[in-house]
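Chemist: The following file, entry14.cif, comprises mmCIF, C-alpha atoms and all ligand atoms:
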data_coords
#
loop_
_atom_site.label_atom_id
_atom_site.label_comp_id
_atom_site.auth_asym_id
_atom_site.auth_seq_id
_atom_site.Cartn_x
_atom_site.Cartn_y
_atom_site.Cartn_z
CA MET A 1 -122.30 71.86 -82.73
CA ARG A 2 -123.32 68.21 -82.36
CA ARG A 3 -119.75 67.05 -81.89
CA ILE A 4 -118.94 69.63 -79.27
CA LEU A 5 -121.92 69.31 -77.01
CA HIS A 6 -121.91 65.54 -76.49
CA SER A 7 -124.83 64.99 -74.14
CA GLN A 8 -126.42 68.34 -74.73
CA ILE A 9 -128.61 69.55 -77.51
CA GLN A 10 -129.59 72.99 -78.55
CA LYS A 11 -133.33 73.42 -78.12
CA GLY A 12 -134.31 76.95 -79.06
CA GLU A 13 -131.94 79.09 -77.03
CA GLN A 14 -131.43 76.47 -74.35
CA LEU A 15 -129.08 73.61 -73.78
CA ILE A 16 -130.87 70.40 -72.94
CA LYS A 17 -128.88 67.98 -70.83
CA LEU A 18 -129.60 64.38 -69.87
CA LEU A 19 -130.80 63.34 -66.42
CA ALA A 20 -129.06 59.99 -66.90
CA ASP A 21 -125.67 61.73 -66.98
CA LEU A 22 -126.00 62.75 -63.34
CA ASP A 23 -124.65 60.77 -60.43
CA MET A 24 -126.35 61.05 -57.03
CA SER A 25 -124.31 63.98 -55.83
CA GLU A 26 -124.73 65.93 -59.09
CA LEU A 27 -128.47 65.23 -59.03
CA THR A 28 -128.67 66.43 -55.45
CA ASP A 29 -126.94 69.69 -56.47
CA VAL A 30 -129.47 70.15 -59.28
CA VAL A 31 -132.40 69.56 -56.92
CA ILE A 32 -130.99 72.08 -54.42
CA SER A 33 -130.34 74.62 -57.19
CA LEU A 34 -134.02 74.35 -58.11
CA GLY A 35 -134.90 75.25 -54.52
CA GLU A 36 -136.33 71.81 -53.81
CA PRO A 37 -135.70 69.53 -50.81
CA LYS A 38 -132.77 67.13 -51.05
CA TYR A 39 -134.84 63.96 -50.70
CA ARG A 40 -136.32 64.60 -54.15
CA ALA A 41 -132.98 63.50 -55.63
CA LYS A 42 -133.52 59.91 -54.46
CA GLN A 43 -137.03 59.87 -55.91
CA ILE A 44 -135.83 61.22 -59.23
CA MET A 45 -132.92 58.76 -59.34
CA ARG A 46 -135.43 55.91 -58.97
CA HIS A 47 -137.31 57.24 -62.04
CA ILE A 48 -134.07 57.61 -64.03
CA VAL A 49 -133.15 54.00 -63.22
CA ALA A 50 -136.65 52.79 -64.20
CA TYR A 51 -136.26 54.68 -67.51
CA ASP A 52 -139.47 56.58 -66.76
CA SER A 53 -140.69 59.55 -68.74
CA TYR A 54 -141.62 62.74 -66.90
CA ASP A 55 -145.32 61.85 -67.00
CA GLU A 56 -144.49 58.81 -64.85
CA TYR A 57 -142.87 60.96 -62.11
CA THR A 58 -146.15 60.83 -60.19
CA ASP A 59 -144.54 61.42 -56.76
CA ILE A 60 -142.90 64.67 -57.89
CA PRO A 61 -144.83 67.98 -57.88
CA LYS A 62 -145.80 69.15 -61.37
CA ALA A 63 -144.06 72.51 -60.88
CA MET A 64 -140.77 70.79 -60.14
CA ILE A 65 -141.10 68.54 -63.19
CA GLU A 66 -141.62 71.65 -65.32
CA LYS A 67 -138.42 73.18 -63.92
CA LEU A 68 -136.50 69.98 -64.63
CA ARG A 69 -137.93 69.72 -68.11
CA GLU A 70 -136.54 73.14 -68.99
CA SER A 71 -132.95 71.91 -68.71
CA TYR A 72 -132.97 68.13 -68.71
CA ALA A 73 -134.28 65.51 -71.10
CA ASP A 74 -135.85 62.55 -69.28
CA LYS A 75 -134.85 60.02 -71.95
CA ALA A 76 -131.56 59.83 -73.80
CA LEU A 77 -132.76 57.32 -76.39
CA VAL A 78 -135.81 56.28 -78.36
CA GLU A 79 -136.14 52.98 -80.15
CA LYS A 80 -136.03 53.18 -83.96
CA THR A 81 -136.24 49.50 -84.74
CA ARG A 82 -135.36 46.07 -83.39
CA ALA A 83 -134.31 42.73 -84.86
CA ILE A 84 -135.27 39.61 -82.93
CA SER A 85 -133.16 36.51 -83.31
CA SER A 86 -134.49 32.94 -83.08
CA ASP A 87 -132.29 32.38 -80.00
CA GLY A 88 -134.04 35.23 -78.16
CA ALA A 89 -131.32 37.85 -78.65
CA VAL A 90 -132.80 41.26 -79.50
CA ARG A 91 -130.75 43.87 -81.35
CA TYR A 92 -132.05 47.40 -80.76
CA LEU A 93 -131.36 50.41 -82.93
CA PHE A 94 -131.75 53.58 -80.86
CA GLU A 95 -131.84 57.23 -81.82
CA THR A 96 -130.14 59.67 -79.45
CA VAL A 97 -131.52 63.13 -78.73
CA HIS A 98 -128.99 64.39 -81.29
CA GLY A 99 -130.49 62.15 -83.96
CA ASP A 100 -127.54 59.72 -83.99
CA LEU A 101 -128.14 55.99 -84.39
CA ILE A 102 -126.59 53.47 -82.00
CA GLU A 103 -127.01 49.74 -81.40
CA ALA A 104 -127.35 47.63 -78.26
CA VAL A 105 -128.18 43.96 -77.85
CA PHE A 106 -130.17 42.01 -75.26
CA LEU A 107 -128.81 38.49 -74.74
CA PRO A 108 -131.03 36.13 -72.71
CA HIS A 109 -129.32 33.58 -70.46
CA ASN A 110 -130.63 31.20 -67.78
CA TYR A 111 -127.92 32.42 -65.44
CA GLY A 112 -128.79 36.11 -65.94
CA ASN A 113 -129.53 38.22 -68.98
CA SER A 114 -126.88 40.47 -70.40
CA VAL A 115 -126.76 43.61 -72.49
CA CYS A 116 -124.10 44.62 -74.98
CA VAL A 117 -123.76 48.41 -75.21
CA SER A 118 -122.16 50.88 -77.62
CA CYS A 119 -119.92 53.65 -76.30
CA GLN A 120 -119.42 55.76 -79.43
CA VAL A 121 -121.43 56.70 -82.51
CA GLY A 122 -119.44 54.73 -85.05
CA CYS A 123 -115.81 53.89 -84.28
CA GLY A 124 -112.52 55.40 -85.35
CA MET A 125 -110.40 52.27 -85.08
CA GLY A 126 -111.00 51.02 -88.62
CA CYS A 127 -110.61 47.26 -88.00
CA VAL A 128 -111.22 45.73 -91.43
CA PHE A 129 -113.59 42.99 -90.25
CA CYS A 130 -115.82 45.22 -88.10
CA ALA A 131 -119.03 46.81 -89.38
CA SER A 132 -119.06 49.45 -86.58
CA GLY A 133 -116.04 51.25 -87.94
CA TYR A 134 -117.11 51.25 -91.57
CA TYR A 135 -118.40 54.84 -91.49
CA GLY A 136 -115.71 56.07 -89.05
CA LEU A 137 -116.21 57.84 -85.73
CA GLN A 138 -118.97 60.42 -85.36
CA ARG A 139 -118.72 61.19 -81.65
CA ASN A 140 -118.31 59.84 -78.15
CA LEU A 141 -121.42 58.84 -76.22
CA SER A 142 -121.82 60.36 -72.77
CA ALA A 143 -121.95 58.15 -69.68
CA GLY A 144 -125.71 58.65 -69.49
CA GLU A 145 -126.21 57.66 -73.12
CA ILE A 146 -124.29 54.44 -72.52
CA LEU A 147 -126.20 53.79 -69.30
CA SER A 148 -129.55 54.50 -70.96
CA GLN A 149 -129.07 51.52 -73.29
CA VAL A 150 -128.96 49.27 -70.21
CA LEU A 151 -131.87 51.07 -68.51
CA PHE A 152 -134.08 50.91 -71.61
CA ILE A 153 -133.43 47.20 -72.13
CA ALA A 154 -133.79 46.36 -68.42
CA ARG A 155 -137.22 48.02 -68.49
CA GLU A 156 -138.23 46.11 -71.63
CA HIS A 157 -137.22 42.77 -70.11
CA LYS A 158 -138.25 43.43 -66.51
CA ALA A 159 -140.73 40.55 -66.57
CA ASN A 160 -138.07 38.04 -67.58
CA GLY A 161 -135.36 38.86 -65.10
CA GLY A 162 -134.10 42.29 -66.19
CA VAL A 163 -130.38 42.68 -66.77
CA LYS A 164 -127.62 41.12 -64.67
CA LYS A 165 -124.53 41.55 -66.85
CA VAL A 166 -123.24 44.26 -69.13
CA VAL A 167 -120.60 43.99 -71.83
CA MET A 168 -119.08 47.00 -73.58
CA MET A 169 -118.74 45.19 -76.88
CA GLY A 170 -121.02 47.19 -79.13
CA SER A 171 -119.87 49.98 -81.42
CA GLY A 172 -116.98 52.14 -80.38
CA SER A 173 -113.77 51.93 -78.46
CA PRO A 174 -114.35 52.30 -74.69
CA LEU A 175 -110.78 53.29 -73.85
CA ALA A 176 -110.80 55.97 -76.57
CA ASN A 177 -113.79 57.46 -74.70
CA TYR A 178 -112.08 56.95 -71.37
CA ASP A 179 -113.70 59.50 -69.04
CA ASN A 180 -117.25 58.71 -70.10
CA THR A 181 -116.57 54.98 -69.92
CA LEU A 182 -115.23 55.34 -66.39
CA LYS A 183 -118.19 57.45 -65.31
CA PHE A 184 -120.52 54.88 -66.88
CA THR A 185 -118.90 52.09 -64.80
CA LYS A 186 -119.53 54.18 -61.68
CA LEU A 187 -123.18 54.98 -62.57
CA LEU A 188 -123.87 51.35 -63.46
CA THR A 189 -122.45 49.94 -60.24
CA SER A 190 -123.69 52.66 -57.89
CA ASP A 191 -126.04 51.37 -55.18
CA ASN A 192 -128.27 54.36 -55.94
CA GLY A 193 -128.47 53.24 -59.56
CA ILE A 194 -129.30 49.96 -61.30
CA ASN A 195 -126.69 48.45 -58.99
CA ILE A 196 -125.05 45.93 -61.29
CA GLY A 197 -121.92 44.42 -59.70
CA MET A 198 -118.59 45.53 -61.16
CA ARG A 199 -117.74 41.82 -61.58
CA GLN A 200 -120.69 41.62 -63.97
CA LEU A 201 -119.21 44.23 -66.30
CA SER A 202 -116.84 43.50 -69.19
CA ILE A 203 -114.95 46.06 -71.21
CA SER A 204 -113.54 45.07 -74.57
CA THR A 205 -110.72 47.03 -76.16
CA CYS A 206 -108.69 46.92 -79.33
CA GLY A 207 -105.78 47.76 -77.03
CA ILE A 208 -104.46 51.11 -75.75
CA PRO A 209 -101.73 50.16 -73.25
CA ASP A 210 -101.62 53.30 -71.07
CA LYS A 211 -105.42 53.31 -70.75
CA ILE A 212 -105.44 49.62 -69.79
CA GLU A 213 -103.06 50.41 -66.94
CA ARG A 214 -105.04 53.49 -65.95
CA LEU A 215 -108.31 51.55 -65.83
CA ALA A 216 -106.87 49.21 -63.20
CA LYS A 217 -105.56 52.15 -61.15
CA ASP A 218 -108.95 53.91 -61.42
CA GLY A 219 -110.62 51.03 -59.60
CA PHE A 220 -112.11 48.98 -62.44
CA SER A 221 -112.43 45.41 -61.22
CA GLY A 222 -114.61 43.89 -63.92
CA THR A 223 -113.40 41.80 -66.83
CA LEU A 224 -111.08 43.31 -69.39
CA SER A 225 -111.08 41.75 -72.87
CA LEU A 226 -108.42 42.47 -75.43
CA SER A 227 -109.28 42.10 -79.12
CA LEU A 228 -105.99 40.54 -80.15
CA HIS A 229 -107.03 38.70 -83.34
CA ALA A 230 -103.44 38.08 -84.50
CA PRO A 231 -100.38 36.99 -82.51
CA THR A 232 -97.72 39.01 -84.38
CA ASP A 233 -97.46 42.70 -85.24
CA ASP A 234 -97.11 42.05 -88.97
CA LYS A 235 -100.32 40.07 -89.12
CA ARG A 236 -102.22 42.35 -86.74
CA LYS A 237 -101.33 45.40 -88.85
CA LYS A 238 -103.10 43.80 -91.81
CA ILE A 239 -106.48 43.80 -90.04
CA MET A 240 -106.25 46.40 -87.23
CA ARG A 241 -105.02 49.97 -87.67
CA ILE A 242 -104.26 50.30 -83.95
CA ALA A 243 -101.45 47.75 -84.42
CA GLU A 244 -99.47 50.49 -86.24
CA ARG A 245 -99.27 52.31 -82.89
CA TYR A 246 -98.86 49.59 -80.29
CA SER A 247 -97.07 46.26 -80.48
CA VAL A 248 -98.54 43.02 -79.17
CA LYS A 249 -95.68 42.90 -76.62
CA GLU A 250 -96.65 46.33 -75.24
CA LEU A 251 -100.24 45.14 -74.97
CA VAL A 252 -99.37 41.96 -73.13
CA SER A 253 -97.15 43.91 -70.76
CA ALA A 254 -100.06 46.31 -70.01
CA LEU A 255 -102.35 43.31 -69.41
CA LYS A 256 -99.85 41.85 -66.95
CA LYS A 257 -99.84 45.12 -65.04
CA PHE A 258 -103.66 45.14 -65.14
CA PHE A 259 -103.65 41.64 -63.65
CA ASP A 260 -101.10 42.55 -60.97
CA GLU A 261 -103.26 45.48 -59.89
CA THR A 262 -106.71 43.84 -60.06
CA LYS A 263 -105.99 40.08 -59.80
CA ARG A 264 -108.63 39.70 -62.50
CA ARG A 265 -107.93 37.19 -65.25
CA VAL A 266 -108.08 38.93 -68.62
CA VAL A 267 -109.85 37.66 -71.72
CA ILE A 268 -108.19 37.50 -75.11
CA GLU A 269 -110.61 37.71 -78.02
CA TYR A 270 -109.38 36.05 -81.16
CA ILE A 271 -111.49 36.09 -84.32
CA LEU A 272 -110.75 33.08 -86.49
CA ILE A 273 -110.27 34.06 -90.14
CA SER A 274 -109.85 31.22 -92.59
CA GLY A 275 -106.27 30.83 -93.86
CA PHE A 276 -105.16 34.07 -92.20
CA ASN A 277 -104.74 33.54 -88.45
CA ASP A 278 -105.85 29.92 -87.94
CA THR A 279 -102.70 27.96 -88.86
CA ASP A 280 -100.53 25.81 -86.59
CA GLY A 281 -97.88 28.55 -86.83
CA ASP A 282 -100.40 30.94 -85.24
CA ILE A 283 -100.94 28.49 -82.39
CA SER A 284 -97.19 28.49 -81.57
CA ALA A 285 -97.07 32.29 -81.84
CA ILE A 286 -100.05 32.60 -79.46
CA LYS A 287 -98.35 30.27 -76.99
CA SER A 288 -95.12 32.27 -76.97
CA LEU A 289 -96.96 35.59 -76.69
CA LEU A 290 -99.50 34.65 -74.02
CA GLY A 291 -97.76 31.81 -72.17
CA GLY A 292 -96.90 33.94 -69.12
CA LEU A 293 -100.21 35.83 -68.88
CA CYS A 294 -103.18 34.83 -66.69
CA CYS A 295 -105.82 34.83 -69.41
CA HIS A 296 -108.62 32.98 -71.12
CA ILE A 297 -108.76 32.90 -74.91
CA ASN A 298 -112.16 33.31 -76.56
CA LEU A 299 -112.08 32.01 -80.12
CA ILE A 300 -114.76 33.58 -82.31
CA PRO A 301 -115.28 32.37 -85.88
CA LEU A 302 -115.53 35.56 -87.94
CA ASN A 303 -119.06 36.83 -88.47
CA PRO A 304 -119.11 37.82 -92.17
CA THR A 305 -120.13 41.44 -92.77
CA ASP A 306 -121.41 43.21 -95.89
CA HIS A 307 -118.24 45.21 -96.52
CA CYS A 308 -115.49 42.68 -95.95
CA ASP A 309 -114.66 39.52 -97.87
CA LEU A 310 -112.70 37.65 -95.19
CA LYS A 311 -114.02 34.14 -94.55
CA PRO A 312 -114.64 32.46 -91.20
CA THR A 313 -112.66 29.40 -90.12
CA SER A 314 -114.83 26.26 -90.18
CA ARG A 315 -116.36 25.16 -86.89
CA LYS A 316 -114.33 21.93 -87.12
CA ARG A 317 -111.00 23.78 -87.46
CA ALA A 318 -112.03 26.20 -84.71
CA TYR A 319 -112.42 23.29 -82.25
CA GLU A 320 -109.16 21.73 -83.45
CA PHE A 321 -107.39 25.09 -82.98
CA CYS A 322 -108.90 25.36 -79.52
CA ASN A 323 -107.85 21.82 -78.52
CA LYS A 324 -104.29 22.48 -79.63
CA LEU A 325 -104.15 25.62 -77.48
CA THR A 326 -105.52 23.83 -74.44
CA SER A 327 -103.14 20.91 -74.89
CA MET A 328 -100.32 23.48 -74.61
CA GLY A 329 -101.66 24.56 -71.22
CA LEU A 330 -103.59 27.64 -72.34
CA SER A 331 -107.21 28.23 -71.32
CA ALA A 332 -109.39 28.57 -74.44
CA THR A 333 -112.94 28.02 -75.65
CA VAL A 334 -114.82 28.56 -78.90
CA ARG A 335 -117.46 31.20 -78.29
CA ARG A 336 -121.06 30.42 -79.03
CA SER A 337 -122.37 33.17 -81.23
CA MET A 338 -125.82 34.60 -80.45
CA GLY A 339 -128.08 36.76 -82.58
CA SER A 340 -126.33 36.15 -85.88
CA ASP A 341 -129.66 35.89 -87.71
CA ALA A 342 -130.49 39.40 -86.44
CA ALA A 343 -127.67 41.35 -88.12
CA GLY A 344 -125.38 39.86 -85.49
CA ALA A 345 -122.03 41.64 -85.85
CA CYS A 346 -121.59 45.07 -84.29
CA GLY A 347 -122.85 47.88 -86.47
CA GLN A 348 -124.62 45.79 -89.09
CA LEU A 349 -128.20 46.70 -88.19
CA LYS A 350 -127.30 50.38 -88.26
CA ASN A 351 -125.41 50.14 -91.56
CA ARG A 352 -128.24 48.25 -93.20
CA THR A 353 -130.77 50.79 -91.93
CA ILE A 354 -128.67 53.67 -93.31
CA GLU A 355 -128.05 51.89 -96.62
CA GLN A 356 -131.74 51.09 -97.12
CA LYS A 357 -132.58 54.82 -96.96
N1 LIG A 401 -114.49 48.04 -79.77
C1 LIG A 401 -114.33 46.94 -78.88
C2 LIG A 401 -115.53 45.98 -78.95
C3 LIG A 401 -115.80 45.43 -80.28
S1 LIG A 401 -117.02 44.18 -80.48
C4 LIG A 401 -113.05 46.22 -79.20
O1 LIG A 401 -112.39 46.61 -80.16
O2 LIG A 401 -112.68 45.30 -78.50
C5 LIG A 401 -116.51 42.83 -79.55
C6 LIG A 401 -115.61 41.84 -80.25
O3 LIG A 401 -116.16 41.43 -81.49
C7 LIG A 401 -114.24 42.41 -80.54
O4 LIG A 401 -113.25 41.49 -80.21
C8 LIG A 401 -114.29 42.65 -82.03
O5 LIG A 401 -113.03 42.68 -82.56
C9 LIG A 401 -115.15 41.49 -82.48
N2 LIG A 401 -115.72 41.65 -83.80
C10 LIG A 401 -115.90 42.77 -84.52
N3 LIG A 401 -116.39 42.48 -85.74
C11 LIG A 401 -116.52 41.13 -85.79
C12 LIG A 401 -116.96 40.23 -86.77
N4 LIG A 401 -117.36 40.64 -87.97
N5 LIG A 401 -116.96 38.91 -86.48
C13 LIG A 401 -116.55 38.46 -85.25
N6 LIG A 401 -116.13 39.28 -84.28
C14 LIG A 401 -116.11 40.60 -84.54
#
Starting from the coordinates I provided, produce the structure as C-alpha cells.
Modeler:
Amino acid sequence: MRRILHSQIQKGEQLIKLLADLDMSELTDVVISLGEPKYRAKQIMRHIVAYDSYDEYTDIPKAMIEKLRESYADKALVEKTRAISSDGAVRYLFETVHGDLIEAVFLPHNYGNSVCVSCQVGCGMGCVFCASGYYGLQRNLSAGEILSQVLFIAREHKANGGVKKVVMMGSGSPLANYDNTLKFTKLLTSDNGINIGMRQLSISTCGIPDKIERLAKDGFSGTLSLSLHAPTDDKRKKIMRIAERYSVKELVSALKKFFDETKRRVVIEYILISGFNDTDGDISAIKSLLGGLCCHINLIPLNPTDHCDLKPTSRKRAYEFCNKLTSMGLSATVRRSMGSDAAGACGQLKNRTIEQK
C-alpha cells in the first residue's frame, strides 16, 4: 500500500493527501469543490509556503479548516533529529507521513543559504561509494514531499535569510522520479509559492540520457550536474551500476543537446578516489571526453562512508589534478566540502539512525 499511494496515506477509511502537492490551480479547484470562495486558495497557499500547521491558519474559518483536514495533511514531514556541523551546516532527518525517513541539509552561505533535498526514499542506483543507495530504493517522493524539505528549512532559518538556492543532491535519483521532480521545479519557482528562481536550482543526476534531453525540452533552465566520476565506461562500471546501461559518450552527447537547448553550462561532478580515478591517464581521458562540452568540473575528494572502503585522494593531489585540467583549458575547481562532521555524505545520518536501533 505504501509504495502505491506515494503522497497519500490510509487513515481509517480515508485517503489523506498533502496540501503541499497542490499547485495554485489544483488548490483553487479544491477550494471550489469545498464550496468556498476562490480567494481562499491564495490564503491557504501562503500558509503552505510558510509551512504552517492548521492551527496557524487564523484567517481561514474553522469550518473550512475542518473540511480540509478531512482529506489533506497540512505537513508532509516532521523532524526526527538533526546534526549540526561546526561550519553551520545542519543535516535534518525527517519522517514522512508514511513513516519513511529522508534527509535534507541546510548550508549557510554569505551570498544566500542553500538547501540540499532528497527526491526518493533510498536510491535504486547502487553507486558503490554512496550511502543513500545502501538499502536500495523504497519509493519516490512526491513533489510536495520534496518541496516540504525546502519549506521546513526556510521556516527554521527565516531569521538568518531563509533559503535562496536549492540543490537536488540528497538521496535519490531525480531523473528516475521524473514527473515529481518536474512538478517540484514548477512548485518551487512559482510566483505563488516560495518563488525561488529557476537559476537557483541545481539537479544532479547519475545520468539518464533521454531524461536529460527531456528536462531541457520541458523548460528546465537551472543547473544540471552529471555525476561522472570516471572518464571511461570500464572504470565507471566498477563504481556505478548505471554505467552498464549508458556509455559516457551517450551521456556527453545528451549534455551537449541540453546545452544547445538551454544555453546553460553543465556541471560535471567527479569524486576523487585514491589510485582509482586520480591518475594522469584519467586527466587525458577527461580531456578527450569533455573537451568539446561547455562544462565546469567539480572535483570532490571522496567522503568515506561506513559501508565502503574506497579512500579519498589527498587534498594535495586533488589540487594538482585540478591544475592539470585547467592547464589543458578545462574549467575545474576542487569543491569545498561542508557538513562532513555531521554525517556529511548523503544517506549517512539515516543509515546510522537505522543501524543504532
Ligand atoms: N543522486 C544524485 C545526487 C547524489 S549526491 C546523483 O547521482 O547525481 C550529489 C553528489 O555527491 C553526486 O555526484 C554523488 O555521486 C556524490 N556522492 C555520493 N556519495 C559520495 C561520497 N561518499 N563522497 C563524495 N561524493 C559523494
Chemist: Between atom CA of Ala332 of chain A and atom CA of Leu293 of chain A, measure the distance and give it in Å to one decimal.
Modeler: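 A separation of 13.0 Å between them.
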Chemist: Within 9 Å of ligand LIG 401 (chain A), which residues of chain A show up? Give each one with its shortest atom-to-atom distance in Å (one decimal) and the two atoms involved, counting all atoms listed in the file, rows by chain then rising residue number, as a tab-separated table.
Modeler:
residue	atom	partner	partner_atom	distance
A:Cys116	CA	A:LIG401	S1	9.0
A:Ser118	CA	A:LIG401	C2	8.4
A:Cys119	CA	A:LIG401	N1	8.5
A:Cys123	CA	A:LIG401	N1	7.5
A:Met125	CA	A:LIG401	O1	7.8
A:Cys127	CA	A:LIG401	O5	7.5
A:Val128	CA	A:LIG401	N3	8.3
A:Phe129	CA	A:LIG401	N4	5.0
A:Cys130	CA	A:LIG401	N3	3.7
A:Ala131	CA	A:LIG401	N3	6.2
A:Ser132	CA	A:LIG401	N3	7.5
A:Gly133	CA	A:LIG401	N1	8.9
A:Val167	CA	A:LIG401	C5	8.8
A:Met168	CA	A:LIG401	C2	6.5
A:Met169	CA	A:LIG401	C2	3.9
A:Gly170	CA	A:LIG401	S1	5.2
A:Ser171	CA	A:LIG401	N1	6.0
A:Gly172	CA	A:LIG401	N1	4.8
A:Ser173	CA	A:LIG401	N1	4.2
A:Pro174	CA	A:LIG401	N1	6.6
A:Leu175	CA	A:LIG401	N1	8.7
A:Ile203	CA	A:LIG401	O2	7.7
A:Ser204	CA	A:LIG401	O2	4.0
A:Thr205	CA	A:LIG401	O2	3.5
A:Cys206	CA	A:LIG401	O1	3.8
A:Gly207	CA	A:LIG401	O1	7.4
A:Ser225	CA	A:LIG401	O2	6.8
A:Leu226	CA	A:LIG401	O2	6.0
A:Ser227	CA	A:LIG401	O4	4.2
A:Leu228	CA	A:LIG401	O4	7.3
A:His229	CA	A:LIG401	O5	7.2
A:Ile268	CA	A:LIG401	O4	8.2
A:Glu269	CA	A:LIG401	O4	5.1
A:Tyr270	CA	A:LIG401	O4	6.7
A:Ile271	CA	A:LIG401	N6	5.6
A:Leu272	CA	A:LIG401	C13	8.0
A:Ile300	CA	A:LIG401	C13	6.0
A:Pro301	CA	A:LIG401	C13	6.3
A:Leu302	CA	A:LIG401	N5	3.9
A:Asn303	CA	A:LIG401	N5	3.6
A:Pro304	CA	A:LIG401	N4	5.4
A:Thr305	CA	A:LIG401	N4	5.6
A:Cys308	CA	A:LIG401	N4	8.4
A:Pro312	CA	A:LIG401	N5	8.3
A:Ser337	CA	A:LIG401	C13	8.8
A:Gly344	CA	A:LIG401	N4	8.4
A:Ala345	CA	A:LIG401	N4	5.2
A:Cys346	CA	A:LIG401	N3	6.0
A:Gly347	CA	A:LIG401	N3	8.5
A:Gln348	CA	A:LIG401	N4	9.0
Chemist: What would the file look like if the residues just selected were written as a PDB file, in the coordinates of the input with C-alpha atoms?
Modeler:
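again.pdb was written with the following content:
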ATOM      1  CA  CYS A 116    -124.100  44.620 -74.980  1.00  0.00           C
ATOM      2  CA  SER A 118    -122.160  50.880 -77.620  1.00  0.00           C
ATOM      3  CA  CYS A 119    -119.920  53.650 -76.300  1.00  0.00           C
ATOM      4  CA  CYS A 123    -115.810  53.890 -84.280  1.00  0.00           C
ATOM      5  CA  MET A 125    -110.400  52.270 -85.080  1.00  0.00           C
ATOM      6  CA  CYS A 127    -110.610  47.260 -88.000  1.00  0.00           C
ATOM      7  CA  VAL A 128    -111.220  45.730 -91.430  1.00  0.00           C
ATOM      8  CA  PHE A 129    -113.590  42.990 -90.250  1.00  0.00           C
ATOM      9  CA  CYS A 130    -115.820  45.220 -88.100  1.00  0.00           C
ATOM     10  CA  ALA A 131    -119.030  46.810 -89.380  1.00  0.00           C
ATOM     11  CA  SER A 132    -119.060  49.450 -86.580  1.00  0.00           C
ATOM     12  CA  GLY A 133    -116.040  51.250 -87.940  1.00  0.00           C
ATOM     13  CA  VAL A 167    -120.600  43.990 -71.830  1.00  0.00           C
ATOM     14  CA  MET A 168    -119.080  47.000 -73.580  1.00  0.00           C
ATOM     15  CA  MET A 169    -118.740  45.190 -76.880  1.00  0.00           C
ATOM     16  CA  GLY A 170    -121.020  47.190 -79.130  1.00  0.00           C
ATOM     17  CA  SER A 171    -119.870  49.980 -81.420  1.00  0.00           C
ATOM     18  CA  GLY A 172    -116.980  52.140 -80.380  1.00  0.00           C
ATOM     19  CA  SER A 173    -113.770  51.930 -78.460  1.00  0.00           C
ATOM     20  CA  PRO A 174    -114.350  52.300 -74.690  1.00  0.00           C
ATOM     21  CA  LEU A 175    -110.780  53.290 -73.850  1.00  0.00           C
ATOM     22  CA  ILE A 203    -114.950  46.060 -71.210  1.00  0.00           C
ATOM     23  CA  SER A 204    -113.540  45.070 -74.570  1.00  0.00           C
ATOM     24  CA  THR A 205    -110.720  47.030 -76.160  1.00  0.00           C
ATOM     25  CA  CYS A 206    -108.690  46.920 -79.330  1.00  0.00           C
ATOM     26  CA  GLY A 207    -105.780  47.760 -77.030  1.00  0.00           C
ATOM     27  CA  SER A 225    -111.080  41.750 -72.870  1.00  0.00           C
ATOM     28  CA  LEU A 226    -108.420  42.470 -75.430  1.00  0.00           C
ATOM     29  CA  SER A 227    -109.280  42.100 -79.120  1.00  0.00           C
ATOM     30  CA  LEU A 228    -105.990  40.540 -80.150  1.00  0.00           C
ATOM     31  CA  HIS A 229    -107.030  38.700 -83.340  1.00  0.00           C
ATOM     32  CA  ILE A 268    -108.190  37.500 -75.110  1.00  0.00           C
ATOM     33  CA  GLU A 269    -110.610  37.710 -78.020  1.00  0.00           C
ATOM     34  CA  TYR A 270    -109.380  36.050 -81.160  1.00  0.00           C
ATOM     35  CA  ILE A 271    -111.490  36.090 -84.320  1.00  0.00           C
ATOM     36  CA  LEU A 272    -110.750  33.080 -86.490  1.00  0.00           C
ATOM     37  CA  ILE A 300    -114.760  33.580 -82.310  1.00  0.00           C
ATOM     38  CA  PRO A 301    -115.280  32.370 -85.880  1.00  0.00           C
ATOM     39  CA  LEU A 302    -115.530  35.560 -87.940  1.00  0.00           C
ATOM     40  CA  ASN A 303    -119.060  36.830 -88.470  1.00  0.00           C
ATOM     41  CA  PRO A 304    -119.110  37.820 -92.170  1.00  0.00           C
ATOM     42  CA  THR A 305    -120.130  41.440 -92.770  1.00  0.00           C
ATOM     43  CA  CYS A 308    -115.490  42.680 -95.950  1.00  0.00           C
ATOM     44  CA  PRO A 312    -114.640  32.460 -91.200  1.00  0.00           C
ATOM     45  CA  SER A 337    -122.370  33.170 -81.230  1.00  0.00           C
ATOM     46  CA  GLY A 344    -125.380  39.860 -85.490  1.00  0.00           C
ATOM     47  CA  ALA A 345    -122.030  41.640 -85.850  1.00  0.00           C
ATOM     48  CA  CYS A 346    -121.590  45.070 -84.290  1.00  0.00           C
ATOM     49  CA  GLY A 347    -122.850  47.880 -86.470  1.00  0.00           C
ATOM     50  CA  GLN A 348    -124.620  45.790 -89.090  1.00  0.00           C
TER      51      GLN A 348
END
Chemist: For atom CA of Asp234 of chain A and atom CA of Lys311 of chain A, quote the distance in Å rounded to one decimal.
Modeler: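 Taking atom CA of Asp234 of chain A and atom CA of Lys311 of chain A, their separation equals 19.5 Å.
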Chemist: So, with all atoms listed in the file as the atoms that count, which of A:Leu290, A:Arg335, A:Leu68, A:Lys256 lies closest to Ser53 of chain A?
Modeler: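 Closest candidate: A:Leu68.
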Chemist: What does the distance from atom CA of Met24 of chain A to atom CA of Val117 of chain A come to in Å, to one decimal?
Modeler: 22.3 Å
Chemist: Have a look at A:Tyr134, A:Leu255, A:Val31, A:Lys164 and name the one nearest to Asp306 of chain A; count only C-alpha atoms.
Modeler: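 Residue with the minimum atom-to-atom distance to Asp306 of chain A: A:Tyr134.
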Chemist: Neighbourhood query: residues within 12 Å of (-131.8, 51.6, -69.8), file coordinates, counting only C-alpha atoms; return as a ChimeraX atom specification.
Modeler: /A:20,47-53,74-79,92,94,104-106,115-117,143-158,162-163,166,187-188,193-194
Chemist: Mind working out the centre and edge lengths of an axis-aligned box for segment 121-132 of chain A, all listed atoms inside, 5 Å added to each side, rounded to one decimal in Å and written as JSON?
Modeler:
{"center_x": -115.9, "center_y": 49.8, "center_z": -87.0, "size_x": 21.0, "size_y": 23.7, "size_z": 18.9}
